[in-house]
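Content type mmCIF, C-alpha atoms, from the file upload.cif:
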data_model
#
loop_
_atom_site.group_PDB
_atom_site.id
_atom_site.type_symbol
_atom_site.label_atom_id
_atom_site.label_comp_id
_atom_site.auth_asym_id
_atom_site.auth_seq_id
_atom_site.Cartn_x
_atom_site.Cartn_y
_atom_site.Cartn_z
ATOM 1 C CA MET A 1 59.067 47.889 178.541
ATOM 2 C CA TRP A 2 57.443 50.915 180.153
ATOM 3 C CA LEU A 3 57.121 51.971 183.780
ATOM 4 C CA PRO A 4 53.434 52.555 184.569
ATOM 5 C CA ARG A 5 53.606 54.780 187.665
ATOM 6 C CA MET A 6 55.876 57.233 189.429
ATOM 7 C CA CYS A 7 58.400 56.549 192.137
ATOM 8 C CA GLY A 8 57.789 57.037 195.812
ATOM 9 C CA GLN A 9 60.139 57.289 198.765
ATOM 10 C CA HIS A 10 62.404 54.444 199.800
ATOM 11 C CA GLU A 11 60.728 52.467 202.568
ATOM 12 C CA HIS A 12 63.797 50.382 203.370
ATOM 13 C CA PRO A 13 67.465 50.909 202.506
ATOM 14 C CA GLY A 14 68.552 48.958 199.454
ATOM 15 C CA GLU A 15 65.021 48.500 198.124
ATOM 16 C CA HIS A 16 63.796 50.052 194.896
ATOM 17 C CA ALA A 17 61.312 52.826 195.543
ATOM 18 C CA CYS A 18 60.081 52.580 191.977
ATOM 19 C CA VAL A 19 57.813 50.225 190.112
ATOM 20 C CA PRO A 20 58.365 46.456 189.911
ATOM 21 C CA GLU A 21 59.759 46.849 186.385
ATOM 22 C CA LEU A 22 63.042 48.012 187.883
ATOM 23 C CA ASP A 23 63.425 44.770 189.779
ATOM 24 C CA LYS A 24 62.768 42.808 186.577
ATOM 25 C CA HIS A 25 65.659 44.644 184.941
ATOM 26 C CA GLN A 26 68.035 44.177 187.878
ATOM 27 C CA GLN A 27 69.614 41.138 186.213
ATOM 28 C CA VAL A 28 71.229 43.383 183.614
ATOM 29 C CA LEU A 29 73.535 44.708 186.304
ATOM 30 C CA HIS A 30 75.079 41.238 186.534
ATOM 31 C CA ASP A 31 75.355 40.168 182.885
ATOM 32 C CA GLY A 32 76.040 43.653 181.454
ATOM 33 C CA GLN A 33 73.889 43.065 178.365
ATOM 34 C CA PRO A 34 71.122 45.706 178.191
ATOM 35 C CA ASP A 35 68.187 44.772 176.003
ATOM 36 C CA ASP A 36 66.137 47.977 176.252
ATOM 37 C CA VAL A 37 66.405 51.597 177.376
ATOM 38 C CA VAL A 38 65.549 50.801 180.997
ATOM 39 C CA SER A 39 68.317 48.224 181.255
ATOM 40 C CA ALA A 40 70.833 50.527 179.568
ATOM 41 C CA TYR A 41 69.929 53.391 181.903
ATOM 42 C CA MET A 42 70.254 51.198 185.013
ATOM 43 C CA LEU A 43 73.609 49.833 183.849
ATOM 44 C CA GLU A 44 75.032 53.308 183.262
ATOM 45 C CA MET A 45 73.551 54.552 186.545
ATOM 46 C CA GLU A 46 75.260 51.793 188.523
ATOM 47 C CA ARG A 47 78.532 52.300 186.633
ATOM 48 C CA LYS A 48 78.659 55.963 187.612
ATOM 49 C CA ARG A 49 77.661 55.260 191.179
ATOM 50 C CA GLY A 50 80.322 52.575 191.480
ATOM 51 C CA SER A 51 82.988 54.899 190.076
ATOM 52 C CA GLY A 52 81.977 57.784 192.298
ATOM 53 C CA ILE A 53 81.078 59.950 189.300
ATOM 54 C CA PRO A 54 78.565 62.704 190.186
ATOM 55 C CA THR A 55 75.319 62.033 188.322
ATOM 56 C CA SER A 56 71.646 62.922 188.315
ATOM 57 C CA MET A 57 70.802 59.433 187.103
ATOM 58 C CA ASP A 58 68.535 57.711 189.634
ATOM 59 C CA GLU A 59 65.345 55.645 189.753
ATOM 60 C CA GLU A 60 63.058 58.671 189.841
ATOM 61 C CA ASN A 61 64.624 60.247 186.764
ATOM 62 C CA LEU A 62 64.512 56.874 185.026
ATOM 63 C CA VAL A 63 60.745 56.802 185.392
ATOM 64 C CA LYS A 64 60.531 60.349 184.023
ATOM 65 C CA VAL A 65 62.720 59.449 181.035
ATOM 66 C CA ALA A 66 60.549 56.425 180.275
ATOM 67 C CA GLY A 67 57.445 58.584 180.506
ATOM 68 C CA ASP A 68 58.906 61.134 178.086
ATOM 69 C CA LEU A 69 59.780 58.397 175.599
ATOM 70 C CA LEU A 70 56.293 56.939 175.851
ATOM 71 C CA ALA A 71 54.574 60.281 175.333
ATOM 72 C CA GLY A 72 56.857 61.544 172.568
ATOM 73 C CA GLY A 73 57.620 58.302 170.748
ATOM 74 C CA SER A 74 54.321 56.479 171.000
ATOM 75 C CA GLU A 75 51.353 58.553 172.100
ATOM 76 C CA THR A 76 51.868 61.580 169.856
ATOM 77 C CA PRO A 77 52.367 59.680 166.547
ATOM 78 C CA SER A 78 49.407 57.389 167.277
ATOM 79 C CA THR A 79 47.167 60.373 168.068
ATOM 80 C CA THR A 80 48.315 62.104 164.889
ATOM 81 C CA MET A 81 47.424 58.977 162.903
ATOM 82 C CA LEU A 82 43.929 58.964 164.397
ATOM 83 C CA TRP A 83 43.512 62.547 163.241
ATOM 84 C CA PHE A 84 44.865 61.593 159.812
ATOM 85 C CA LEU A 85 42.196 58.878 159.473
ATOM 86 C CA LEU A 86 39.501 61.326 160.565
ATOM 87 C CA TYR A 87 40.563 63.907 157.976
ATOM 88 C CA MET A 88 40.574 61.239 155.253
ATOM 89 C CA LEU A 89 37.003 60.353 156.188
ATOM 90 C CA HIS A 90 35.897 63.979 155.945
ATOM 91 C CA TYR A 91 37.865 64.753 152.771
ATOM 92 C CA PRO A 92 37.418 61.720 150.495
ATOM 93 C CA HIS A 93 38.679 63.626 147.442
ATOM 94 C CA ILE A 94 41.999 64.231 149.209
ATOM 95 C CA GLN A 95 42.136 60.579 150.223
ATOM 96 C CA GLU A 96 41.553 59.527 146.631
ATOM 97 C CA ARG A 97 44.248 61.835 145.310
ATOM 98 C CA CYS A 98 46.726 60.402 147.833
ATOM 99 C CA TYR A 99 45.748 56.876 146.823
ATOM 100 C CA GLN A 100 46.240 57.575 143.131
ATOM 101 C CA GLU A 101 49.671 59.082 143.822
ATOM 102 C CA ILE A 102 50.653 56.022 145.869
ATOM 103 C CA VAL A 103 49.467 53.571 143.197
ATOM 104 C CA GLU A 104 51.183 55.463 140.382
ATOM 105 C CA ASN A 105 54.545 55.637 142.165
ATOM 106 C CA ILE A 106 54.600 52.505 144.318
ATOM 107 C CA GLY A 107 51.872 50.232 143.030
ATOM 108 C CA LYS A 108 49.300 48.159 144.884
ATOM 109 C CA ASP A 109 51.519 45.268 145.968
ATOM 110 C CA GLN A 110 54.884 46.786 146.870
ATOM 111 C CA ALA A 111 55.127 48.011 150.464
ATOM 112 C CA PRO A 112 55.810 51.747 150.877
ATOM 113 C CA SER A 113 59.324 52.703 151.954
ATOM 114 C CA MET A 114 61.160 55.879 152.863
ATOM 115 C CA ALA A 115 62.989 55.649 149.533
ATOM 116 C CA LYS A 116 59.694 56.566 147.826
ATOM 117 C CA ARG A 117 59.030 59.586 149.973
ATOM 118 C CA LEU A 118 60.117 62.183 147.410
ATOM 119 C CA ALA A 119 57.829 60.556 144.841
ATOM 120 C CA LEU A 120 54.748 61.228 146.995
ATOM 121 C CA PRO A 121 54.734 65.004 147.564
ATOM 122 C CA TYR A 122 50.938 65.358 147.794
ATOM 123 C CA THR A 123 50.637 62.534 150.315
ATOM 124 C CA GLU A 124 53.469 64.038 152.337
ATOM 125 C CA ALA A 125 51.815 67.469 152.144
ATOM 126 C CA THR A 126 48.580 65.937 153.415
ATOM 127 C CA ILE A 127 50.377 64.514 156.450
ATOM 128 C CA LEU A 128 51.953 67.915 157.153
ATOM 129 C CA GLU A 129 48.591 69.648 156.851
ATOM 130 C CA VAL A 130 47.055 67.206 159.328
ATOM 131 C CA GLN A 131 49.817 68.044 161.794
ATOM 132 C CA ARG A 132 49.310 71.778 161.283
ATOM 133 C CA HIS A 133 45.521 71.822 161.300
ATOM 134 C CA ALA A 134 44.854 69.226 164.021
ATOM 135 C CA ASP A 135 47.416 70.678 166.435
ATOM 136 C CA VAL A 136 48.056 67.484 168.388
ATOM 137 C CA GLY A 137 50.740 69.277 170.415
ATOM 138 C CA PRO A 138 49.567 72.916 170.653
ATOM 139 C CA MET A 139 52.297 73.923 173.105
ATOM 140 C CA GLY A 140 56.017 73.184 173.159
ATOM 141 C CA MET A 141 57.857 71.655 176.103
ATOM 142 C CA PRO A 142 58.599 74.067 178.980
ATOM 143 C CA HIS A 143 62.094 75.551 178.990
ATOM 144 C CA GLY A 144 64.022 77.551 181.562
ATOM 145 C CA LEU A 145 66.426 80.448 181.191
ATOM 146 C CA SER A 146 70.044 80.389 182.348
ATOM 147 C CA ARG A 147 70.130 84.183 182.748
ATOM 148 C CA ASP A 148 67.937 87.280 182.601
ATOM 149 C CA THR A 149 67.027 87.967 178.988
ATOM 150 C CA GLU A 150 65.467 90.766 176.968
ATOM 151 C CA LEU A 151 63.400 89.819 173.933
ATOM 152 C CA ARG A 152 61.689 92.403 171.733
ATOM 153 C CA GLY A 153 61.407 94.861 174.597
ATOM 154 C CA TYR A 154 60.254 92.320 177.165
ATOM 155 C CA ASP A 155 62.374 91.555 180.236
ATOM 156 C CA ILE A 156 62.336 87.828 181.021
ATOM 157 C CA PRO A 157 63.832 86.815 184.395
ATOM 158 C CA SER A 158 66.124 83.808 184.689
ATOM 159 C CA ASP A 159 63.614 81.862 186.796
ATOM 160 C CA ALA A 160 60.813 82.215 184.220
ATOM 161 C CA MET A 161 59.308 79.256 182.355
ATOM 162 C CA VAL A 162 59.238 79.701 178.582
ATOM 163 C CA VAL A 163 56.769 77.745 176.435
ATOM 164 C CA ALA A 164 56.439 78.040 172.650
ATOM 165 C CA ASN A 165 52.855 78.614 171.477
ATOM 166 C CA LEU A 166 52.837 76.291 168.460
ATOM 167 C CA HIS A 167 49.078 76.637 167.988
ATOM 168 C CA PHE A 168 49.344 80.371 167.405
ATOM 169 C CA VAL A 169 52.064 79.893 164.783
ATOM 170 C CA HIS A 170 50.143 77.151 162.956
ATOM 171 C CA HIS A 171 46.955 79.243 162.871
ATOM 172 C CA ASP A 172 48.354 82.682 162.177
ATOM 173 C CA PRO A 173 46.425 84.252 159.240
ATOM 174 C CA GLU A 174 49.424 86.418 158.373
ATOM 175 C CA VAL A 175 51.447 83.262 157.730
ATOM 176 C CA TRP A 176 48.917 80.821 156.227
ATOM 177 C CA GLY A 177 46.240 83.128 154.794
ATOM 178 C CA ASP A 178 43.378 80.727 155.519
ATOM 179 C CA PRO A 179 44.586 78.670 158.514
ATOM 180 C CA GLU A 180 41.096 77.360 159.313
ATOM 181 C CA VAL A 181 40.920 75.602 155.920
ATOM 182 C CA PHE A 182 42.350 72.108 155.515
ATOM 183 C CA ARG A 183 44.392 72.476 152.341
ATOM 184 C CA PRO A 184 47.438 70.239 151.667
ATOM 185 C CA GLU A 185 48.335 72.328 148.605
ATOM 186 C CA ARG A 186 49.755 75.019 150.898
ATOM 187 C CA PHE A 187 52.830 72.769 151.269
ATOM 188 C CA LEU A 188 53.340 72.438 147.488
ATOM 189 C CA ASP A 189 54.901 74.847 145.015
ATOM 190 C CA ALA A 190 53.696 75.620 141.491
ATOM 191 C CA GLU A 191 55.424 72.480 140.165
ATOM 192 C CA GLY A 192 53.835 70.264 142.785
ATOM 193 C CA CYS A 193 57.034 69.793 144.787
ATOM 194 C CA LEU A 194 56.960 69.693 148.563
ATOM 195 C CA VAL A 195 57.774 72.973 150.293
ATOM 196 C CA ARG A 196 58.386 73.140 154.030
ATOM 197 C CA SER A 197 57.550 76.446 155.674
ATOM 198 C CA LYS A 198 59.790 77.668 158.492
ATOM 199 C CA TYR A 199 56.554 78.323 160.364
ATOM 200 C CA PHE A 200 55.650 74.635 160.353
ATOM 201 C CA ILE A 201 56.907 73.598 163.800
ATOM 202 C CA PRO A 202 54.928 70.614 165.201
ATOM 203 C CA TYR A 203 58.116 69.359 166.868
ATOM 204 C CA SER A 204 58.760 72.738 168.546
ATOM 205 C CA VAL A 205 61.664 75.064 167.777
ATOM 206 C CA GLY A 206 65.287 75.658 168.661
ATOM 207 C CA SER A 207 68.201 73.372 169.379
ATOM 208 C CA ARG A 208 66.196 71.556 172.066
ATOM 209 C CA LYS A 209 63.190 70.653 169.958
ATOM 210 C CA CYS A 210 61.832 67.085 169.870
ATOM 211 C CA PRO A 211 64.775 64.668 169.410
ATOM 212 C CA GLY A 212 62.424 62.059 167.971
ATOM 213 C CA GLU A 213 61.321 64.158 164.985
ATOM 214 C CA GLY A 214 63.026 61.918 162.424
ATOM 215 C CA LEU A 215 61.480 58.772 163.847
ATOM 216 C CA ALA A 216 58.038 60.348 164.100
ATOM 217 C CA ARG A 217 58.123 61.594 160.503
ATOM 218 C CA MET A 218 59.115 58.134 159.308
ATOM 219 C CA GLU A 219 56.341 56.460 161.314
ATOM 220 C CA LEU A 220 53.654 58.827 160.062
ATOM 221 C CA PHE A 221 54.695 58.469 156.438
ATOM 222 C CA LEU A 222 54.880 54.660 156.464
ATOM 223 C CA TYR A 223 51.655 54.191 158.432
ATOM 224 C CA ALA A 224 49.671 56.681 156.339
ATOM 225 C CA THR A 225 50.811 55.403 152.953
ATOM 226 C CA SER A 226 50.407 51.744 153.939
ATOM 227 C CA ILE A 227 46.832 52.316 155.135
ATOM 228 C CA LEU A 228 45.746 54.333 152.104
ATOM 229 C CA GLN A 229 47.389 51.848 149.745
ATOM 230 C CA ARG A 230 45.363 48.940 151.146
ATOM 231 C CA TYR A 231 42.112 50.424 152.412
ATOM 232 C CA HIS A 232 39.374 52.776 151.288
ATOM 233 C CA LEU A 233 38.208 54.792 154.284
ATOM 234 C CA SER A 234 34.576 55.836 154.428
ATOM 235 C CA CYS A 235 31.923 56.667 157.008
ATOM 236 C CA ARG A 236 30.425 53.195 156.872
ATOM 237 C CA ASP A 237 30.329 50.407 159.437
ATOM 238 C CA SER A 238 33.586 48.920 158.184
ATOM 239 C CA ILE A 239 36.804 49.793 156.383
ATOM 240 C CA LEU A 240 36.796 48.431 152.852
ATOM 241 C CA PRO A 241 39.924 46.811 151.376
ATOM 242 C CA ARG A 242 41.156 48.194 148.070
#
What is this structure when it is put down as structure tokens?
Amino acid sequence: MWLPRMCGQHEHPGEHACVPELDKHQQVLHDGQPDDVVSAYMLEMERKRGSGIPTSMDEENLVKVAGDLLAGGSETPSTTMLWFLLYMLHYPHIQERCYQEIVENIGKDQAPSMAKRLALPYTEATILEVQRHADVGPMGMPHGLSRDTELRGYDIPSDAMVVANLHFVHHDPEVWGDPEVFRPERFLDAEGCLVRSKYFIPYSVGSRKCPGEGLARMELFLYATSILQRYHLSCRDSILPR
């Protein structure tokens, strides 16, 4: 359950300054049985407060955490899927090749699963190429420095904000050769096996890159293969079932 707007200042002591969703989750503090991330956060927040443990956990940060989860775990994969559908409309031959690979390795009736992922290298490569070419997240999350740093001759002060330019990496001609071309084959080797380039970084880079990468990759694969298995996408008034 998501929190739709940011916190304000406390108007009266003891009252929540946040959205009504916090009040709906207040019961968890009595029964101790969290049923979602908001409840779990509130329970841990009250536990630390009651024990006198220093913590940054409060209602305002709870709203920010919920917003991050919504943006990273819901909005980004759904936007990527919209781009995937658009590319399939514009490249019907790629869509057909993905469909044939799915039918040959999974069939028309069995639901796709992660266990079949290695058997669908071209479909997987197509998903990766959509992520690279569409650039749903062109910039990484802002990071700060703990100390003054020198990088390749540049002095970066400790109070600077550092943001990875993912778009530049994904569209660098020296890396991809023809970055403006939509070509899933760039993620396949001569034997047709999937090859992941170290320059493919839609989830950012470093030890603090997107923690939801595994979940997002699973969602994209299952959604994409399930749709292509069941539907033929074309620029008509309706989507045709297979």
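Distance annotation: of A:Met161, A:Val38, A:Val181, A:Ala115, the residue with the minimal separation from A:Asn61 is A:Val38; atom set is only C-alpha atoms.
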So what does the PyMOL selection byres ((chain A and resi 230) around 10) actually pick up in this one, as number ranges by chain? A: 99, 108-109, 111, 225-229, 231-233, 240-242
Do you know which residues the PyMOL selection byres ((chain A and resi 46) around 12) returns on this file, as a PyMOL selection string? chain A and resi 26+28-30+32+39-45+47-59
Check the smallest atom-to-atom distance from each of A:Ser74, A:Ser207, A:Ser113, A:Thr79 to A:Ala134 using all atoms listed in the file, then report the winner.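 Smallest distance to A:Ala134 is found for A:Thr79.
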So, with only C-alpha atoms as the atoms that count, which of A:Asp189, A:Glu60, A:Asp135, A:Asp178 lies closest to A:Asn165? A:Asp135
So that I can check the surroundings of A:Gly192, please list as number ranges by chain every protein, DNA and RNA residue that reaches within 9 Å of it, counting only C-alpha atoms and ignoring chain neighbours fewer than 5 positions away. A: 121-122, 185, 187
Got a minute to add all heavy atoms to stretch 167-178 of chain A and dump it as a PDB file, in the frame of the given file?
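Output (rebuild_22.pdb):
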ATOM      1  N   HIS A 167      50.423  76.451 168.557  1.00  0.00           N
ATOM      2  CA  HIS A 167      49.078  76.637 167.988  1.00  0.00           C
ATOM      3  C   HIS A 167      48.954  78.002 167.316  1.00  0.00           C
ATOM      4  O   HIS A 167      48.413  78.111 166.210  1.00  0.00           O
ATOM      5  CB  HIS A 167      48.028  76.495 169.089  1.00  0.00           C
ATOM      6  CG  HIS A 167      46.652  76.883 168.653  1.00  0.00           C
ATOM      7  ND1 HIS A 167      45.807  76.003 168.004  1.00  0.00           N
ATOM      8  CD2 HIS A 167      45.969  78.063 168.739  1.00  0.00           C
ATOM      9  CE1 HIS A 167      44.666  76.617 167.719  1.00  0.00           C
ATOM     10  NE2 HIS A 167      44.746  77.857 168.145  1.00  0.00           N
ATOM     11  N   PHE A 168      49.441  79.022 167.971  1.00  0.00           N
ATOM     12  CA  PHE A 168      49.344  80.371 167.405  1.00  0.00           C
ATOM     13  C   PHE A 168      50.080  80.447 166.075  1.00  0.00           C
ATOM     14  O   PHE A 168      49.584  81.041 165.108  1.00  0.00           O
ATOM     15  CB  PHE A 168      49.911  81.404 168.381  1.00  0.00           C
ATOM     16  CG  PHE A 168      49.916  82.800 167.844  1.00  0.00           C
ATOM     17  CD1 PHE A 168      48.781  83.590 167.910  1.00  0.00           C
ATOM     18  CD2 PHE A 168      51.055  83.334 167.249  1.00  0.00           C
ATOM     19  CE1 PHE A 168      48.775  84.883 167.404  1.00  0.00           C
ATOM     20  CE2 PHE A 168      51.067  84.618 166.738  1.00  0.00           C
ATOM     21  CZ  PHE A 168      49.921  85.395 166.816  1.00  0.00           C
ATOM     22  N   VAL A 169      51.279  79.855 166.019  1.00  0.00           N
ATOM     23  CA  VAL A 169      52.064  79.893 164.783  1.00  0.00           C
ATOM     24  C   VAL A 169      51.353  79.134 163.670  1.00  0.00           C
ATOM     25  O   VAL A 169      51.300  79.593 162.523  1.00  0.00           O
ATOM     26  CB  VAL A 169      53.468  79.303 165.024  1.00  0.00           C
ATOM     27  CG1 VAL A 169      54.276  79.287 163.726  1.00  0.00           C
ATOM     28  CG2 VAL A 169      54.210  80.102 166.092  1.00  0.00           C
ATOM     29  N   HIS A 170      50.799  77.987 163.971  1.00  0.00           N
ATOM     30  CA  HIS A 170      50.143  77.151 162.956  1.00  0.00           C
ATOM     31  C   HIS A 170      48.796  77.706 162.506  1.00  0.00           C
ATOM     32  O   HIS A 170      48.234  77.227 161.509  1.00  0.00           O
ATOM     33  CB  HIS A 170      49.952  75.731 163.489  1.00  0.00           C
ATOM     34  CG  HIS A 170      51.220  74.946 163.535  1.00  0.00           C
ATOM     35  ND1 HIS A 170      51.396  73.844 164.323  1.00  0.00           N
ATOM     36  CD2 HIS A 170      52.397  75.117 162.869  1.00  0.00           C
ATOM     37  CE1 HIS A 170      52.608  73.356 164.155  1.00  0.00           C
ATOM     38  NE2 HIS A 170      53.240  74.113 163.269  1.00  0.00           N
ATOM     39  N   HIS A 171      48.255  78.669 163.235  1.00  0.00           N
ATOM     40  CA  HIS A 171      46.955  79.243 162.871  1.00  0.00           C
ATOM     41  C   HIS A 171      47.015  80.760 162.732  1.00  0.00           C
ATOM     42  O   HIS A 171      46.016  81.449 162.918  1.00  0.00           O
ATOM     43  CB  HIS A 171      45.899  78.841 163.907  1.00  0.00           C
ATOM     44  CG  HIS A 171      45.561  77.381 163.885  1.00  0.00           C
ATOM     45  ND1 HIS A 171      46.356  76.424 164.474  1.00  0.00           N
ATOM     46  CD2 HIS A 171      44.533  76.709 163.321  1.00  0.00           C
ATOM     47  CE1 HIS A 171      45.828  75.228 164.293  1.00  0.00           C
ATOM     48  NE2 HIS A 171      44.733  75.369 163.587  1.00  0.00           N
ATOM     49  N   ASP A 172      48.175  81.250 162.378  1.00  0.00           N
ATOM     50  CA  ASP A 172      48.354  82.682 162.177  1.00  0.00           C
ATOM     51  C   ASP A 172      47.936  83.055 160.758  1.00  0.00           C
ATOM     52  O   ASP A 172      48.556  82.620 159.784  1.00  0.00           O
ATOM     53  CB  ASP A 172      49.823  83.043 162.401  1.00  0.00           C
ATOM     54  CG  ASP A 172      50.067  84.548 162.345  1.00  0.00           C
ATOM     55  OD1 ASP A 172      49.122  85.299 162.037  1.00  0.00           O
ATOM     56  OD2 ASP A 172      51.211  84.968 162.612  1.00  0.00           O
ATOM     57  N   PRO A 173      46.884  83.872 160.598  1.00  0.00           N
ATOM     58  CA  PRO A 173      46.425  84.252 159.240  1.00  0.00           C
ATOM     59  C   PRO A 173      47.496  84.976 158.438  1.00  0.00           C
ATOM     60  O   PRO A 173      47.506  84.882 157.208  1.00  0.00           O
ATOM     61  CB  PRO A 173      45.232  85.176 159.532  1.00  0.00           C
ATOM     62  CG  PRO A 173      44.781  84.804 160.903  1.00  0.00           C
ATOM     63  CD  PRO A 173      46.035  84.439 161.650  1.00  0.00           C
ATOM     64  N   GLU A 174      48.395  85.695 159.102  1.00  0.00           N
ATOM     65  CA  GLU A 174      49.424  86.418 158.373  1.00  0.00           C
ATOM     66  C   GLU A 174      50.439  85.464 157.745  1.00  0.00           C
ATOM     67  O   GLU A 174      51.122  85.822 156.786  1.00  0.00           O
ATOM     68  CB  GLU A 174      50.146  87.381 159.321  1.00  0.00           C
ATOM     69  CG  GLU A 174      49.262  88.512 159.830  1.00  0.00           C
ATOM     70  CD  GLU A 174      50.043  89.519 160.647  1.00  0.00           C
ATOM     71  OE1 GLU A 174      51.298  89.405 160.690  1.00  0.00           O
ATOM     72  OE2 GLU A 174      49.418  90.423 161.235  1.00  0.00           O
ATOM     73  N   VAL A 175      50.516  84.256 158.262  1.00  0.00           N
ATOM     74  CA  VAL A 175      51.447  83.262 157.730  1.00  0.00           C
ATOM     75  C   VAL A 175      50.770  82.363 156.712  1.00  0.00           C
ATOM     76  O   VAL A 175      51.292  82.122 155.614  1.00  0.00           O
ATOM     77  CB  VAL A 175      52.037  82.405 158.869  1.00  0.00           C
ATOM     78  CG1 VAL A 175      52.892  81.266 158.302  1.00  0.00           C
ATOM     79  CG2 VAL A 175      52.842  83.264 159.817  1.00  0.00           C
ATOM     80  N   TRP A 176      49.566  81.860 157.037  1.00  0.00           N
ATOM     81  CA  TRP A 176      48.917  80.821 156.227  1.00  0.00           C
ATOM     82  C   TRP A 176      47.782  81.352 155.358  1.00  0.00           C
ATOM     83  O   TRP A 176      47.342  80.658 154.445  1.00  0.00           O
ATOM     84  CB  TRP A 176      48.383  79.721 157.142  1.00  0.00           C
ATOM     85  CG  TRP A 176      49.431  79.157 158.057  1.00  0.00           C
ATOM     86  CD1 TRP A 176      49.613  79.457 159.372  1.00  0.00           C
ATOM     87  CD2 TRP A 176      50.474  78.247 157.707  1.00  0.00           C
ATOM     88  NE1 TRP A 176      50.686  78.773 159.880  1.00  0.00           N
ATOM     89  CE2 TRP A 176      51.239  78.017 158.891  1.00  0.00           C
ATOM     90  CE3 TRP A 176      50.833  77.584 156.533  1.00  0.00           C
ATOM     91  CZ2 TRP A 176      52.338  77.161 158.902  1.00  0.00           C
ATOM     92  CZ3 TRP A 176      51.927  76.730 156.561  1.00  0.00           C
ATOM     93  CH2 TRP A 176      52.664  76.520 157.723  1.00  0.00           C
ATOM     94  N   GLY A 177      47.315  82.562 155.618  1.00  0.00           N
ATOM     95  CA  GLY A 177      46.240  83.128 154.794  1.00  0.00           C
ATOM     96  C   GLY A 177      44.875  82.637 155.213  1.00  0.00           C
ATOM     97  O   GLY A 177      43.989  83.415 155.578  1.00  0.00           O
ATOM     98  N   ASP A 178      44.659  81.332 155.129  1.00  0.00           N
ATOM     99  CA  ASP A 178      43.378  80.727 155.519  1.00  0.00           C
ATOM    100  C   ASP A 178      43.650  79.534 156.442  1.00  0.00           C
ATOM    101  O   ASP A 178      43.401  78.392 156.070  1.00  0.00           O
ATOM    102  CB  ASP A 178      42.597  80.281 154.285  1.00  0.00           C
ATOM    103  CG  ASP A 178      43.425  79.383 153.368  1.00  0.00           C
ATOM    104  OD1 ASP A 178      44.647  79.229 153.617  1.00  0.00           O
ATOM    105  OD2 ASP A 178      42.845  78.813 152.417  1.00  0.00           O
TER     106      ASP A 178
END
